[in-house]
Amino acid sequence: MSEATTSTHTTSDGLWRWLIGGLAAGAAILGLLIAAYAIGYHRGQHHARTATPTQPTTTTATTTPTPPTTAPSTSAPVPVTAALVAQGKSLYSSDGCSACHSLSGSAGAGPSFKGVAGSSITLSTGQIVTADDAYLEQSIANPDAQIVKGYRAGVMSAAISSYDLAKNPADIRALVAFIKSQK
Ligand code: HEC
């Protein structure tokens with residue numbers, strides 16, 4: 001009996017050792033897993049914390065380059081002063097505009113200047129535009145850019161090419177002032 005009890009004691013001891021060893025190993029693995037999870041979690045938090053402040057800096061960066069400085073200078077309105085109208089009137093004769101553009105309202109080789117400023121112009125494309133300062137300036141500087149419906153491209157550009165008006169914005173402004181005075 002005593003022999004049997006010792007043998008059972010040794011087997012149970014061995015079992016206990018295995019159990020304790022297994023538990024210790026399991027605890028160690030669990031501890032490692034918890035530690036790894038904790039580190040990962042903290043890293044994730046740190047990443048999240050560093051990622052969030054970038055959003056306000058990008059929004060402030062996009063709002064800063066908003067003021068455009070070129071827009072007002074190109075579309076400056078042409079004043080209808082007596083001096084500018086007189087200068088435009090002499091150019092209307094000397095640059096040959098009078099050959100094609102009447103002041104009476106009757107159409108010639110080109111549309112009449114009477115009442116053209118501010119009116120609605122139907123272009124050859126079917127598009128309807130307002131004859132504002134920018135349109136009138138463009139019509140003189142680059143006559144073939146937009147063609148009035150019922151007229152041909154190349155007629156005006158060929159007739160005035162020698163005056164090189166595109167390089168003379170002061171003359172164009174004077175001519176626009178004169179056209180605007182023809183109501
Ligand atoms: C040989 C004839 C001819 C001469 C010269 C001429 N033009 Fe024209 N012009 C035209 C014709 C044709 C058109 C219509 C076709 C177009 O839009 O280019 C026109 C259109 C215009 C328009 C647009 C009018 C509208 O109703 O939309 C303006 C402004 C204008 N001319 C200004 C001038 C000025 C300023 C001069 C003188 C520097 C001039 N033209 C000389 C034939 C001429």
# chains A, B, ... in the order shown; residues from 1 in each chain; ligands from 1
call {"tool": "residues_near_ligand", "arguments": {"ligand": "ligand 1", "cutoff": "6 Å", "atoms": "only C-alpha atoms and all ligand atoms", "output": "list in words"}}
result
Tyr92, Asp95, Gly96, Cys97, Ala99, Cys100, Ala109, Gly110, Pro111, Val116, Ile121, Leu136, Ser139, Ile140, Pro143, Asp144, Gln146, Ile147, Val148, Tyr151, Arg152, Ala153, Val155, Met156, Ala159, Ile160 and Leu175 of chain A
call {"tool": "atom_distance", "arguments": {"atom1": "CA of Gly126 in chain A", "atom2": "CA of Lys149 in chain A"}}
result
7.5 Å
call {"tool": "residues_around", "arguments": {"residues": "Gly118 in chain A", "least_positions_apart": "5", "cutoff": "8 Å", "atoms": "only C-alpha atoms", "output": "mmCIF file with N, CA, C and O atoms, in the first residue's frame"}}
result
data_model
loop_
_atom_site.group_PDB
_atom_site.id
_atom_site.type_symbol
_atom_site.label_atom_id
_atom_site.label_comp_id
_atom_site.auth_asym_id
_atom_site.auth_seq_id
_atom_site.Cartn_x
_atom_site.Cartn_y
_atom_site.Cartn_z
ATOM 1 N N THR A 130 -23.145 91.023 -72.994
ATOM 2 C CA THR A 130 -23.384 92.439 -72.759
ATOM 3 C C THR A 130 -22.162 93.218 -73.227
ATOM 4 O O THR A 130 -21.033 92.857 -72.895
ATOM 5 N N ALA A 131 -22.392 94.272 -73.995
ATOM 6 C CA ALA A 131 -21.286 95.089 -74.497
ATOM 7 C C ALA A 131 -20.788 96.021 -73.401
ATOM 8 O O ALA A 131 -20.995 97.235 -73.440
ATOM 9 N N ASP A 132 -20.112 95.411 -72.413
ATOM 10 C CA ASP A 132 -19.513 96.211 -71.340
ATOM 11 C C ASP A 132 -18.122 96.687 -71.779
ATOM 12 O O ASP A 132 -17.694 96.415 -72.907
#
call {"tool": "closest_residue", "arguments": {"among": "A:Val78, A:Ala166, A:Leu123, A:Ala107", "to": "Gln138 in chain A", "atoms": "only C-alpha atoms"}}
result
A:Ala166
call {"tool": "atom_distance", "arguments": {"atom1": "CA of Ala86 in chain A", "atom2": "CA of Ala170 in chain A"}}
result
13.2 Å
call {"tool": "decode", "arguments": {"residues": "range 90-176 of chain A", "atoms": "C-alpha atoms", "output": "CSV table (one decimal), in the first residue's frame"}}
result
chain,number,residue,atom,x,y,z
A,90,SER,CA,-10.2,111.9,-83.4
A,91,LEU,CA,-9.0,108.3,-83.3
A,92,TYR,CA,-12.4,107.2,-84.7
A,93,SER,CA,-11.6,109.3,-87.8
A,94,SER,CA,-7.8,108.8,-88.0
A,95,ASP,CA,-7.8,105.1,-87.5
A,96,GLY,CA,-10.5,104.6,-90.1
A,97,CYS,CA,-13.3,103.3,-87.8
A,98,SER,CA,-15.7,105.8,-89.3
A,99,ALA,CA,-15.5,104.0,-92.7
A,100,CYS,CA,-17.4,101.0,-91.2
A,101,HIS,CA,-19.0,102.2,-88.0
A,102,SER,CA,-21.7,104.9,-88.3
A,103,LEU,CA,-22.8,107.1,-85.4
A,104,SER,CA,-26.4,107.4,-86.8
A,105,GLY,CA,-27.6,103.9,-86.0
A,106,SER,CA,-27.6,102.6,-89.5
A,107,ALA,CA,-25.4,99.5,-90.1
A,108,GLY,CA,-22.4,99.8,-92.6
A,109,ALA,CA,-19.6,97.3,-93.1
A,110,GLY,CA,-19.8,97.0,-89.3
A,111,PRO,CA,-22.5,97.6,-86.7
A,112,SER,CA,-23.3,101.2,-85.7
A,113,PHE,CA,-21.7,102.6,-82.5
A,114,LYS,CA,-25.0,104.3,-81.6
A,115,GLY,CA,-26.3,102.7,-78.4
A,116,VAL,CA,-24.0,99.7,-78.7
A,117,ALA,CA,-22.4,100.3,-75.2
A,118,GLY,CA,-24.3,98.3,-72.6
A,119,SER,CA,-26.5,96.6,-75.1
A,120,SER,CA,-27.0,92.9,-75.6
A,121,ILE,CA,-24.9,91.5,-78.5
A,122,THR,CA,-25.7,88.3,-80.2
A,123,LEU,CA,-22.5,86.6,-81.4
A,124,SER,CA,-22.0,84.3,-84.4
A,125,THR,CA,-21.9,81.4,-81.9
A,126,GLY,CA,-25.5,82.3,-80.8
A,127,GLN,CA,-24.1,83.4,-77.4
A,128,ILE,CA,-25.6,86.7,-76.1
A,129,VAL,CA,-23.1,89.0,-74.3
A,130,THR,CA,-23.4,92.4,-72.8
A,131,ALA,CA,-21.3,95.1,-74.5
A,132,ASP,CA,-19.5,96.2,-71.3
A,133,ASP,CA,-16.1,97.9,-71.2
A,134,ALA,CA,-14.3,94.6,-71.3
A,135,TYR,CA,-16.2,93.4,-74.4
A,136,LEU,CA,-15.7,96.7,-76.3
A,137,GLU,CA,-11.9,96.7,-75.4
A,138,GLN,CA,-11.6,93.1,-76.6
A,139,SER,CA,-13.6,93.9,-79.8
A,140,ILE,CA,-11.0,96.5,-80.7
A,141,ALA,CA,-7.8,94.8,-79.4
A,142,ASN,CA,-8.7,91.4,-80.8
A,143,PRO,CA,-11.6,91.9,-83.3
A,144,ASP,CA,-11.8,88.2,-84.3
A,145,ALA,CA,-12.1,86.8,-80.8
A,146,GLN,CA,-15.8,87.4,-80.8
A,147,ILE,CA,-17.8,88.0,-84.0
A,148,VAL,CA,-21.1,89.8,-84.0
A,149,LYS,CA,-23.9,87.7,-85.6
A,150,GLY,CA,-24.4,88.7,-89.3
A,151,TYR,CA,-20.9,89.9,-89.8
A,152,ARG,CA,-17.7,88.3,-91.0
A,153,ALA,CA,-14.5,87.7,-89.2
A,154,GLY,CA,-11.3,89.1,-90.6
A,155,VAL,CA,-12.9,92.3,-92.1
A,156,MET,CA,-12.1,94.6,-89.2
A,157,SER,CA,-8.9,93.0,-88.1
A,158,ALA,CA,-7.4,93.3,-91.6
A,159,ALA,CA,-8.5,97.0,-91.9
A,160,ILE,CA,-7.0,98.1,-88.5
A,161,SER,CA,-4.0,95.8,-88.2
A,162,SER,CA,-1.5,98.6,-89.2
A,163,TYR,CA,-2.6,100.6,-86.1
A,164,ASP,CA,-1.5,97.8,-83.8
A,165,LEU,CA,-4.1,98.9,-81.2
A,166,ALA,CA,-3.6,95.8,-79.0
A,167,LYS,CA,-0.2,97.4,-78.0
A,168,ASN,CA,-1.9,100.7,-77.4
A,169,PRO,CA,-4.3,100.3,-74.5
A,170,ALA,CA,-4.6,104.1,-74.0
A,171,ASP,CA,-6.0,104.5,-77.5
A,172,ILE,CA,-8.4,101.6,-76.9
A,173,ARG,CA,-9.7,103.2,-73.7
A,174,ALA,CA,-10.2,106.5,-75.5
A,175,LEU,CA,-12.1,104.7,-78.3
A,176,VAL,CA,-14.3,102.9,-75.7
